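Below is the file data27.pdb, which contains PDB, C-alpha atoms.
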```pdb
ATOM      1  CA  MET A   1      -3.893 119.382  -9.344
ATOM      2  CA  THR A   2      -6.320 118.320  -6.692
ATOM      3  CA  VAL A   3      -9.627 118.544  -8.511
ATOM      4  CA  GLU A   4     -11.049 115.072  -9.000
ATOM      5  CA  PRO A   5     -14.055 113.960 -10.971
ATOM      6  CA  PHE A   6     -17.247 113.544  -8.990
ATOM      7  CA  LYS A   7     -17.187 109.814  -8.288
ATOM      8  CA  HIS A   8     -20.273 109.289  -6.220
ATOM      9  CA  ALA A   9     -23.046 109.486  -8.735
ATOM     10  CA  LYS A  10     -23.860 106.940 -11.363
ATOM     11  CA  HIS A  11     -24.531 108.436 -14.734
ATOM     12  CA  HIS A  12     -28.287 108.633 -14.554
ATOM     13  CA  LEU A  13     -29.079 108.405 -10.913
ATOM     14  CA  LEU A  14     -27.728 110.634  -8.247
ATOM     15  CA  PRO A  15     -27.827 109.394  -4.678
ATOM     16  CA  PRO A  16     -31.301 110.255  -3.343
ATOM     17  CA  VAL A  17     -29.873 112.267  -0.484
ATOM     18  CA  VAL A  18     -26.360 113.463   0.089
ATOM     19  CA  HIS A  19     -25.576 112.356   3.617
ATOM     20  CA  ALA A  20     -21.844 112.350   4.123
ATOM     21  CA  ALA A  21     -20.036 115.330   5.534
ATOM     22  CA  LYS A  22     -16.775 115.313   3.653
ATOM     23  CA  HIS A  23     -16.034 118.984   4.076
ATOM     24  CA  ALA A  24     -13.297 119.517   6.616
ATOM     25  CA  GLY A  25     -15.576 121.480   8.913
ATOM     26  CA  GLY A  26     -18.619 119.260   8.485
ATOM     27  CA  THR A  27     -21.895 119.955   6.744
ATOM     28  CA  ALA A  28     -22.985 122.779   9.034
ATOM     29  CA  THR A  29     -19.728 124.630   8.452
ATOM     30  CA  PHE A  30     -20.029 124.104   4.709
ATOM     31  CA  ILE A  31     -23.529 125.581   4.692
ATOM     32  CA  ALA A  32     -22.446 128.458   6.920
ATOM     33  CA  LEU A  33     -19.648 129.283   4.474
ATOM     34  CA  ALA A  34     -21.803 128.755   1.405
ATOM     35  CA  THR A  35     -24.759 130.852   2.525
ATOM     36  CA  PRO A  36     -23.298 134.368   2.132
ATOM     37  CA  ALA A  37     -21.658 133.323  -1.139
ATOM     38  CA  ALA A  38     -24.964 131.972  -2.487
ATOM     39  CA  GLN A  39     -26.872 135.040  -1.303
ATOM     40  CA  ARG A  40     -24.392 137.288  -3.036
ATOM     41  CA  CYS A  41     -24.828 135.162  -6.158
ATOM     42  CA  GLU A  42     -28.616 135.549  -5.884
ATOM     43  CA  ARG A  43     -28.261 139.329  -5.646
ATOM     44  CA  ASP A  44     -26.005 139.363  -8.721
ATOM     45  CA  THR A  45     -27.736 136.792 -10.906
ATOM     46  CA  GLY A  46     -31.188 136.009  -9.522
ATOM     47  CA  VAL A  47     -30.424 132.315  -9.038
ATOM     48  CA  PRO A  48     -32.025 131.144  -5.738
ATOM     49  CA  ALA A  49     -29.443 130.855  -2.965
ATOM     50  CA  SER A  50     -30.912 127.527  -1.851
ATOM     51  CA  ILE A  51     -30.427 126.107  -5.353
ATOM     52  CA  THR A  52     -26.817 127.269  -5.531
ATOM     53  CA  ILE A  53     -25.983 125.765  -2.132
ATOM     54  CA  ALA A  54     -27.720 122.478  -2.988
ATOM     55  CA  GLN A  55     -25.934 122.287  -6.329
ATOM     56  CA  ALA A  56     -22.591 123.019  -4.673
ATOM     57  CA  ILE A  57     -23.237 120.194  -2.189
ATOM     58  CA  VAL A  58     -24.230 117.716  -4.894
ATOM     59  CA  GLU A  59     -21.636 118.719  -7.485
ATOM     60  CA  SER A  60     -18.625 119.083  -5.189
ATOM     61  CA  PHE A  61     -19.771 116.593  -2.550
ATOM     62  CA  TRP A  62     -19.636 119.098   0.282
ATOM     63  CA  GLY A  63     -16.570 120.760  -1.206
ATOM     64  CA  LYS A  64     -14.498 117.592  -1.379
ATOM     65  CA  TYR A  65     -13.951 117.980  -5.129
ATOM     66  CA  ALA A  66     -13.709 121.755  -5.222
ATOM     67  CA  GLY A  67      -9.935 121.462  -5.495
ATOM     68  CA  GLY A  68      -8.867 123.098  -2.264
ATOM     69  CA  SER A  69      -8.295 126.715  -1.351
ATOM     70  CA  ASP A  70      -6.230 127.522  -4.450
ATOM     71  CA  VAL A  71      -8.925 126.272  -6.823
ATOM     72  CA  ASN A  72     -12.326 126.884  -5.153
ATOM     73  CA  ASN A  73     -14.197 125.424  -8.123
ATOM     74  CA  TYR A  74     -17.437 124.049  -6.656
ATOM     75  CA  PHE A  75     -19.178 123.303  -9.952
ATOM     76  CA  GLY A  76     -16.421 121.864 -12.132
ATOM     77  CA  VAL A  77     -16.475 124.880 -14.448
ATOM     78  CA  GLN A  78     -14.017 124.309 -17.262
ATOM     79  CA  ALA A  79     -11.652 126.710 -18.982
ATOM     80  CA  ALA A  80     -11.885 126.149 -22.735
ATOM     81  CA  PRO A  81      -8.562 126.230 -24.606
ATOM     82  CA  LEU A  82      -8.102 129.150 -26.985
ATOM     83  CA  ASN A  83      -5.562 129.861 -29.694
ATOM     84  CA  GLY A  84      -2.101 130.759 -28.509
ATOM     85  CA  GLY A  85      -2.132 128.438 -25.528
ATOM     86  CA  LYS A  86      -4.589 130.670 -23.671
ATOM     87  CA  HIS A  87      -7.746 129.530 -21.911
ATOM     88  CA  ASP A  88     -11.150 131.085 -21.508
ATOM     89  CA  VAL A  89     -11.402 131.833 -17.809
ATOM     90  CA  GLY A  90     -14.115 134.480 -18.080
ATOM     91  CA  ASP A  91     -13.901 137.681 -16.081
ATOM     92  CA  ILE A  92     -14.301 136.257 -12.590
ATOM     93  CA  ALA A  93     -11.886 133.324 -12.378
ATOM     94  CA  THR A  94      -8.279 133.958 -11.415
ATOM     95  CA  GLY A  95      -6.914 131.420 -13.898
ATOM     96  CA  PHE A  96      -7.042 127.697 -14.487
ATOM     97  CA  LYS A  97      -5.490 124.446 -13.361
ATOM     98  CA  GLU A  98      -4.752 121.384 -15.415
ATOM     99  CA  LEU A  99      -5.798 117.867 -14.576
ATOM    100  CA  HIS A 100      -4.110 115.051 -16.472
ATOM    101  CA  THR A 101      -6.191 111.928 -16.976
ATOM    102  CA  THR A 102      -5.883 108.856 -19.153
ATOM    103  CA  GLU A 103      -8.618 106.741 -20.686
ATOM    104  CA  GLU A 104      -7.872 103.271 -21.965
ATOM    105  CA  VAL A 105      -9.899 102.341 -25.030
ATOM    106  CA  LYS A 106      -9.362  99.081 -26.890
ATOM    107  CA  GLY A 107      -5.929  98.719 -25.340
ATOM    108  CA  LYS A 108      -4.886 102.249 -26.294
ATOM    109  CA  ARG A 109      -4.086 104.836 -23.678
ATOM    110  CA  ILE A 110      -5.509 108.244 -24.519
ATOM    111  CA  PRO A 111      -4.105 110.992 -22.291
ATOM    112  CA  LYS A 112      -6.250 114.051 -21.780
ATOM    113  CA  VAL A 113      -5.524 117.457 -20.358
ATOM    114  CA  GLU A 114      -8.534 118.927 -18.586
ATOM    115  CA  THR A 115      -8.562 122.545 -17.511
ATOM    116  CA  PHE A 116     -10.693 123.858 -14.665
ATOM    117  CA  ARG A 117     -11.169 127.468 -13.723
ATOM    118  CA  THR A 118      -9.717 128.631 -10.411
ATOM    119  CA  TYR A 119     -11.373 131.188  -8.155
ATOM    120  CA  LYS A 120     -10.283 133.503  -5.393
ATOM    121  CA  ASP A 121     -13.019 132.181  -3.136
ATOM    122  CA  MET A 122     -16.366 130.433  -2.899
ATOM    123  CA  THR A 123     -18.295 133.620  -3.708
ATOM    124  CA  ASP A 124     -16.588 134.014  -7.079
ATOM    125  CA  SER A 125     -17.134 130.351  -7.894
ATOM    126  CA  PHE A 126     -20.840 130.631  -7.093
ATOM    127  CA  THR A 127     -21.260 133.859  -9.061
ATOM    128  CA  ASP A 128     -19.524 132.468 -12.158
ATOM    129  CA  HIS A 129     -21.805 129.435 -11.994
ATOM    130  CA  GLY A 130     -24.824 131.734 -11.605
ATOM    131  CA  ARG A 131     -23.760 133.649 -14.694
ATOM    132  CA  PHE A 132     -23.591 130.407 -16.689
ATOM    133  CA  ILE A 133     -27.227 129.904 -15.803
ATOM    134  CA  THR A 134     -28.402 133.433 -16.465
ATOM    135  CA  ARG A 135     -26.625 133.580 -19.836
ATOM    136  CA  ASN A 136     -28.594 130.549 -20.996
ATOM    137  CA  LYS A 137     -31.830 131.839 -22.503
ATOM    138  CA  ASN A 138     -33.577 128.583 -21.601
ATOM    139  CA  TYR A 139     -33.544 129.563 -17.920
ATOM    140  CA  LYS A 140     -35.088 132.992 -18.428
ATOM    141  CA  THR A 141     -38.608 131.784 -17.723
ATOM    142  CA  ALA A 142     -37.493 130.037 -14.535
ATOM    143  CA  LEU A 143     -35.578 133.093 -13.351
ATOM    144  CA  ASP A 144     -38.552 135.362 -14.046
ATOM    145  CA  ALA A 145     -40.919 132.952 -12.292
ATOM    146  CA  TYR A 146     -38.685 132.717  -9.239
ATOM    147  CA  LYS A 147     -38.513 136.496  -9.086
ATOM    148  CA  LYS A 148     -42.308 136.593  -8.947
ATOM    149  CA  ASN A 149     -43.204 133.586  -6.815
ATOM    150  CA  GLY A 150     -39.982 132.611  -5.023
ATOM    151  CA  ASP A 151     -40.527 128.948  -5.859
ATOM    152  CA  ALA A 152     -37.040 127.424  -5.690
ATOM    153  CA  ASP A 153     -38.397 123.922  -6.347
ATOM    154  CA  ALA A 154     -39.732 125.038  -9.711
ATOM    155  CA  PHE A 155     -36.251 126.332 -10.453
ATOM    156  CA  ALA A 156     -34.825 122.882  -9.686
ATOM    157  CA  TYR A 157     -37.229 121.363 -12.208
ATOM    158  CA  ALA A 158     -36.239 124.011 -14.744
ATOM    159  CA  LEU A 159     -32.596 122.959 -14.370
ATOM    160  CA  GLN A 160     -33.549 119.369 -15.047
ATOM    161  CA  LYS A 161     -35.897 120.212 -17.913
ATOM    162  CA  ASN A 162     -33.146 122.207 -19.581
ATOM    163  CA  ARG A 163     -30.688 119.351 -19.181
ATOM    164  CA  TYR A 164     -28.262 120.878 -16.724
ATOM    165  CA  ALA A 165     -27.471 117.323 -15.612
ATOM    166  CA  SER A 166     -28.351 114.003 -17.174
ATOM    167  CA  ALA A 167     -29.561 112.399 -13.928
ATOM    168  CA  SER A 168     -33.284 111.780 -14.181
ATOM    169  CA  ASN A 169     -33.684 112.578 -10.477
ATOM    170  CA  TYR A 170     -31.588 115.736 -10.460
ATOM    171  CA  ALA A 171     -34.427 118.057  -9.450
ATOM    172  CA  VAL A 172     -35.677 115.680  -6.754
ATOM    173  CA  THR A 173     -32.146 115.395  -5.374
ATOM    174  CA  LEU A 174     -31.745 119.171  -5.151
ATOM    175  CA  ILE A 175     -35.162 119.544  -3.515
ATOM    176  CA  LYS A 176     -34.390 116.872  -0.936
ATOM    177  CA  VAL A 177     -31.129 118.580  -0.058
ATOM    178  CA  MET A 178     -32.891 121.951   0.197
ATOM    179  CA  LYS A 179     -35.567 120.487   2.472
ATOM    180  CA  GLN A 180     -33.312 118.397   4.682
ATOM    181  CA  ARG A 181     -30.796 121.190   5.156
ATOM    182  CA  LYS A 182     -33.481 123.878   5.451
ATOM    183  CA  LEU A 183     -31.893 125.918   2.696
ATOM    184  CA  TYR A 184     -35.020 127.801   1.603
ATOM    185  CA  GLN A 185     -34.568 130.224   4.500
ATOM    186  CA  TYR A 186     -31.501 131.649   2.751
ATOM    187  CA  ASN A 187     -33.399 132.744  -0.356
ATOM    188  CA  LYS A 188     -34.002 136.415  -0.875
ATOM    189  CA  SER A 189     -37.727 135.873  -0.889
ATOM    190  CA  THR A 190     -37.954 133.397   1.981
ATOM    191  CA  ALA A 191     -41.613 133.995   2.715
ATOM    192  CA  LEU A 192     -42.568 133.002  -0.796
ATOM    193  CA  SER A 193     -40.166 130.076  -1.064
ATOM    194  CA  ALA A 194     -41.253 126.481  -1.054
ATOM    195  CA  THR A 195     -42.268 125.310   2.389
ATOM    196  CA  PRO A 196     -41.683 121.980   4.146
ATOM    197  CA  ASN A 197     -45.372 121.246   3.606
ATOM    198  CA  ARG A 198     -45.071 121.299  -0.124
ATOM    199  CA  PRO A 199     -47.393 118.509  -1.244
ATOM    200  CA  SER A 200     -45.185 116.312  -3.372
ATOM    201  CA  LEU A 201     -41.766 115.774  -4.835
ATOM    202  CA  ALA A 202     -43.318 114.127  -7.862
ATOM    203  CA  MET A 203     -41.926 115.043 -11.233
ATOM    204  CA  THR A 204     -43.683 117.906 -12.956
ATOM    205  CA  LYS A 205     -41.834 117.845 -16.242
TER     206      LYS A 205
ATOM    207  CA  MET B 206      10.538 123.979 -21.182
ATOM    208  CA  ASN B 207      11.339 123.432 -24.871
ATOM    209  CA  ARG B 208       8.860 120.604 -24.899
ATOM    210  CA  LEU B 209       6.183 122.877 -23.462
ATOM    211  CA  ILE B 210       6.884 125.531 -26.087
ATOM    212  CA  GLY B 211       6.741 122.823 -28.750
ATOM    213  CA  ILE B 212       3.396 121.605 -27.471
ATOM    214  CA  ALA B 213       2.069 125.162 -27.366
ATOM    215  CA  ILE B 214       3.108 125.804 -30.983
ATOM    216  CA  LEU B 215       1.722 122.463 -32.126
ATOM    217  CA  SER B 216      -1.443 123.145 -30.193
ATOM    218  CA  LEU B 217      -1.840 126.514 -31.878
ATOM    219  CA  ALA B 218      -1.326 124.987 -35.310
ATOM    220  CA  LEU B 219      -3.701 122.122 -34.696
ATOM    221  CA  ILE B 220      -6.451 124.261 -33.227
ATOM    222  CA  ALA B 221      -6.137 126.649 -36.133
ATOM    223  CA  GLN B 222      -6.687 123.938 -38.736
ATOM    224  CA  GLU B 223      -9.703 122.376 -37.039
ATOM    225  CA  ALA B 224     -13.349 123.330 -36.722
ATOM    226  CA  PRO B 225     -13.971 125.062 -40.067
ATOM    227  CA  GLN B 226     -15.473 128.500 -39.747
ATOM    228  CA  PRO B 227     -18.805 129.255 -41.441
ATOM    229  CA  GLY B 228     -18.158 130.542 -44.955
ATOM    230  CA  SER B 229     -14.623 129.122 -45.093
ATOM    231  CA  GLU B 230     -13.451 126.997 -48.044
ATOM    232  CA  ALA B 231     -13.803 123.859 -45.950
ATOM    233  CA  ASP B 232     -17.292 124.905 -44.918
ATOM    234  CA  LYS B 233     -18.317 125.529 -48.535
ATOM    235  CA  HIS B 234     -17.283 121.999 -49.496
ATOM    236  CA  LYS B 235     -18.762 120.184 -46.542
ATOM    237  CA  ILE B 236     -20.952 117.120 -46.938
ATOM    238  CA  VAL B 237     -24.070 116.958 -44.798
ATOM    239  CA  ILE B 238     -25.580 113.626 -43.819
ATOM    240  CA  THR B 239     -29.075 113.888 -42.383
ATOM    241  CA  ASP B 240     -29.986 110.215 -42.682
ATOM    242  CA  LEU B 241     -27.567 108.844 -40.125
ATOM    243  CA  GLN B 242     -28.135 105.297 -41.339
ATOM    244  CA  GLN B 243     -26.070 106.375 -44.338
ATOM    245  CA  TRP B 244     -23.033 107.300 -42.237
ATOM    246  CA  HIS B 245     -20.525 104.506 -42.009
ATOM    247  CA  GLN B 246     -19.389 105.397 -38.470
ATOM    248  CA  LYS B 247     -21.951 103.169 -36.749
ATOM    249  CA  LYS B 248     -19.764 102.655 -33.693
ATOM    250  CA  ILE B 249     -19.501 106.379 -33.100
ATOM    251  CA  LEU B 250     -23.276 106.704 -33.300
ATOM    252  CA  HIS B 251     -23.519 103.854 -30.795
ATOM    253  CA  ILE B 252     -21.098 105.593 -28.413
ATOM    254  CA  LEU B 253     -23.191 108.761 -28.624
ATOM    255  CA  ALA B 254     -26.440 106.871 -28.078
ATOM    256  CA  LYS B 255     -25.193 105.000 -25.035
ATOM    257  CA  ASN B 256     -24.250 108.356 -23.494
ATOM    258  CA  HIS B 257     -27.699 109.754 -24.349
ATOM    259  CA  PHE B 258     -26.453 112.164 -26.991
ATOM    260  CA  LYS B 259     -29.170 112.308 -29.668
ATOM    261  CA  ALA B 260     -27.448 112.815 -33.013
ATOM    262  CA  ASN B 261     -29.479 114.326 -35.831
ATOM    263  CA  ARG B 262     -26.984 115.093 -38.586
ATOM    264  CA  VAL B 263     -23.300 114.997 -39.416
ATOM    265  CA  GLU B 264     -21.196 117.466 -41.368
ATOM    266  CA  LEU B 265     -18.023 116.187 -43.010
ATOM    267  CA  PHE B 266     -15.117 118.448 -43.914
ATOM    268  CA  ASN B 267     -11.701 118.216 -45.567
ATOM    269  CA  ASP B 268     -12.311 115.059 -47.605
ATOM    270  CA  LYS B 269     -14.371 113.591 -44.776
ATOM    271  CA  SER B 270     -11.403 113.640 -42.404
ATOM    272  CA  TYR B 271     -13.099 115.950 -39.906
ATOM    273  CA  PHE B 272     -16.689 115.831 -38.718
ATOM    274  CA  ILE B 273     -19.088 117.849 -36.642
ATOM    275  CA  ILE B 274     -21.904 115.783 -35.197
ATOM    276  CA  HIS B 275     -25.002 117.837 -34.454
ATOM    277  CA  ALA B 276     -26.601 116.316 -31.387
ATOM    278  CA  THR B 277     -28.656 117.090 -28.333
ATOM    279  CA  MET B 278     -26.387 116.960 -25.307
ATOM    280  CA  PRO B 279     -27.968 115.471 -22.183
ATOM    281  CA  PHE B 280     -26.120 117.798 -19.805
ATOM    282  CA  GLU B 281     -24.300 121.120 -19.548
ATOM    283  CA  PRO B 282     -20.889 120.306 -21.071
ATOM    284  CA  ARG B 283     -19.051 123.267 -19.528
ATOM    285  CA  GLU B 284     -19.741 122.405 -15.922
ATOM    286  CA  GLY B 285     -19.867 119.485 -13.521
ATOM    287  CA  PHE B 286     -17.179 117.068 -12.368
ATOM    288  CA  HIS B 287     -19.396 114.119 -13.182
ATOM    289  CA  ASN B 288     -20.257 115.529 -16.601
ATOM    290  CA  ALA B 289     -16.523 115.927 -17.271
ATOM    291  CA  LYS B 290     -15.923 112.319 -16.336
ATOM    292  CA  VAL B 291     -18.612 111.112 -18.742
ATOM    293  CA  LEU B 292     -17.262 113.342 -21.501
ATOM    294  CA  ASN B 293     -13.669 112.173 -20.984
ATOM    295  CA  ARG B 294     -14.654 108.580 -21.584
ATOM    296  CA  MET B 295     -16.908 109.366 -24.523
ATOM    297  CA  GLU B 296     -14.376 111.634 -26.225
ATOM    298  CA  ALA B 297     -11.650 109.001 -25.911
ATOM    299  CA  GLU B 298     -13.893 106.296 -27.344
ATOM    300  CA  ILE B 299     -14.939 108.426 -30.323
ATOM    301  CA  PHE B 300     -11.342 109.548 -30.824
ATOM    302  CA  VAL B 301     -10.161 105.941 -31.112
ATOM    303  CA  GLU B 302     -13.028 104.988 -33.433
ATOM    304  CA  ASN B 303     -12.179 108.021 -35.578
ATOM    305  CA  LYS B 304      -8.619 106.799 -36.157
ATOM    306  CA  GLU B 305      -7.337 109.198 -33.529
ATOM    307  CA  ARG B 306      -8.340 112.324 -35.374
ATOM    308  CA  PRO B 307     -10.006 115.439 -33.966
ATOM    309  CA  PHE B 308     -13.753 115.997 -34.210
ATOM    310  CA  ALA B 309     -16.571 118.122 -32.801
ATOM    311  CA  ILE B 310     -20.061 117.712 -31.395
ATOM    312  CA  GLN B 311     -22.479 120.618 -31.619
ATOM    313  CA  ASP B 312     -25.703 121.203 -29.719
ATOM    314  CA  ASP B 313     -27.628 123.747 -31.775
ATOM    315  CA  ASP B 314     -30.263 124.278 -29.109
ATOM    316  CA  ARG B 315     -27.658 125.223 -26.534
ATOM    317  CA  GLY B 316     -25.548 127.075 -29.100
ATOM    318  CA  LEU B 317     -22.469 125.152 -27.969
ATOM    319  CA  ARG B 318     -19.804 123.185 -29.785
ATOM    320  CA  LEU B 319     -17.526 120.693 -28.081
ATOM    321  CA  GLU B 320     -14.246 120.418 -29.983
ATOM    322  CA  VAL B 321     -11.709 117.709 -29.332
ATOM    323  CA  HIS B 322      -8.163 118.633 -30.320
ATOM    324  CA  VAL B 323      -4.938 116.658 -30.429
ATOM    325  CA  ILE B 324      -2.377 118.631 -28.445
ATOM    326  CA  ASP B 325       0.540 116.227 -28.617
ATOM    327  CA  LYS B 326       0.909 114.008 -31.661
ATOM    328  CA  LYS B 327       3.622 111.957 -29.990
ATOM    329  CA  THR B 328       1.439 110.788 -27.132
ATOM    330  CA  ASN B 329      -1.897 111.472 -28.863
ATOM    331  CA  ALA B 330      -2.921 113.549 -25.885
ATOM    332  CA  ILE B 331      -6.211 115.306 -26.403
ATOM    333  CA  GLU B 332      -7.821 118.422 -25.012
ATOM    334  CA  ALA B 333     -11.441 119.470 -25.355
ATOM    335  CA  GLY B 334     -13.077 122.849 -25.293
ATOM    336  CA  VAL B 335     -16.672 124.011 -25.405
ATOM    337  CA  TYR B 336     -17.377 127.142 -27.422
ATOM    338  CA  GLU B 337     -20.431 129.247 -28.070
ATOM    339  CA  VAL B 338     -21.620 129.098 -31.686
ATOM    340  CA  GLN B 339     -24.582 130.220 -33.716
ATOM    341  CA  GLY B 340     -27.171 127.455 -33.572
ATOM    342  CA  LYS B 341     -28.637 125.727 -36.638
TER     343      LYS B 341
END
```
Can you dump the structure from the file as structure tokens?
Amino acid sequence: MTVEPFKHAKHHLLPPVVHAAKHAGGTATFIALATPAAQRCERDTGVPASITIAQAIVESFWGKYAGGSDVNNYFGVQAAPLNGGKHDVGDIATGFKELHTTEEVKGKRIPKVETFRTYKDMTDSFTDHGRFITRNKNYKTALDAYKKNGDADAFAYALQKNRYASASNYAVTLIKVMKQRKLYQYNKSTALSATPNRPSLAMTK
Amino acid sequence: MNRLIGIAILSLALIAQEAPQPGSEADKHKIVITDLQQWHQKKILHILAKNHFKANRVELFNDKSYFIIHATMPFEPREGFHNAKVLNRMEAEIFVENKERPFAIQDDDRGLRLEVHVIDKKTNAIEAGVYEVQGK
């Protein structure tokens, strides 16, 4: 198993900007590969392509923790165990892979088997992640708003408000990545998307 | 191979006896603690608090040997490598404090329940799954 936990973020503070290009082909290659997958995801789910790419960068650290070409899990989506030794892999994933970890607590070693979904490719990984978001009723308002106004930044704040991640700067991190990497241009409604002249990155919780 | 089959059978048995279903005998006889100061598992509440899980009530089943903590989860428990890392640590800590017995944490707002199972009694290996449930 090659999936590793995301090691670069402290619990409540993500790095302000993701700089390093850990993907084998560099950051430009990663974005070039991610763009059609994210646009397909936007067509299928309504989640802004720029948000999906930024999340994939932050969550998988430019694909470093996506598990390689036989896993393609860019968001750490898990496969819940079911009765009979089966796992819930949904209807997009090809299966799952196990990761064996051990935590030491008070001198006791507690082994754990983690199971992550595996995908045929980046597109399927992105779409499954998009479906997680669209199935959560808390994101309906944000999805509807994005459909109307194309404001991907507002969508980033909606993710934070609805506790997608615990980092208090999660939305700001996504917005910085979207700005620095000029990801807004990949959204379906580019003309309406947030522009580089957006006044502030201040929290609008 | 035999070991794997053994683990699978044990896993099936253990999963089946955990997480009481609504309306089941265990569910009918559950004890609900809403004033968390009255719950003796202070260390478990501390572990939850330090990970920013806001507990609001506890349900005890099977002579108090199994509990479901109802809490607000600070992140999406089904996704994220970093989230998984935080959960791994927290689950292991609660597991040890709970005398190495299974348990669950439920976020009613999200409609999700995180269940921690023992899949190998010999090594005390655990596995966790997040399932959709009816909230509140």
(Q) Could you list, as a PyMOL selection string, every residue matched by the ChimeraX specification (/A :<7) & /B in this structure? (A) chain B and resi 213+217+220+279-281+283-287+290+294+297-298+329-332+334-335
Q: Might you spell out which residues the PyMOL selection byres ((chain B and resi 235) around 12) would select in the displayed file, as a ChimeraX atom specification?
A: /B:224-234,236-238,263-273
Q: Give as JSON, numbers by chain the residues that the PyMOL selection byres ((chain A and resi 72) around 6) matches when applied to the coordinates above.
A: {"A": [66, 67, 68, 69, 71, 73, 119, 121, 122]}
Write the residues you've just listed into a file as a PDB file, keeping the file's coordinate frame, and include C-alpha atoms for each of them.
```
ATOM      1  CA  ALA A  66     -13.709 121.755  -5.222  1.00  0.00           C
ATOM      2  CA  GLY A  67      -9.935 121.462  -5.495  1.00  0.00           C
ATOM      3  CA  GLY A  68      -8.867 123.098  -2.264  1.00  0.00           C
ATOM      4  CA  SER A  69      -8.295 126.715  -1.351  1.00  0.00           C
ATOM      5  CA  VAL A  71      -8.925 126.272  -6.823  1.00  0.00           C
ATOM      6  CA  ASN A  73     -14.197 125.424  -8.123  1.00  0.00           C
ATOM      7  CA  TYR A 119     -11.373 131.188  -8.155  1.00  0.00           C
ATOM      8  CA  ASP A 121     -13.019 132.181  -3.136  1.00  0.00           C
ATOM      9  CA  MET A 122     -16.366 130.433  -2.899  1.00  0.00           C
TER      10      MET A 122
END
```
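The space between atom CA of A:Asp153 and atom CA of A:Lys179 spans 9.9 Å.
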Q.
Using all atoms listed in the file, can you tell me which of B:Ile310, B:Leu317, B:Leu292, B:Leu241 comes closest to B:Gln339?
A. B:Leu317
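Closest approach to A:Thr118 among A:Arg135, A:Ala38, A:Asp70, A:Ala145 is made by A:Asp70 (distances from only C-alpha atoms).
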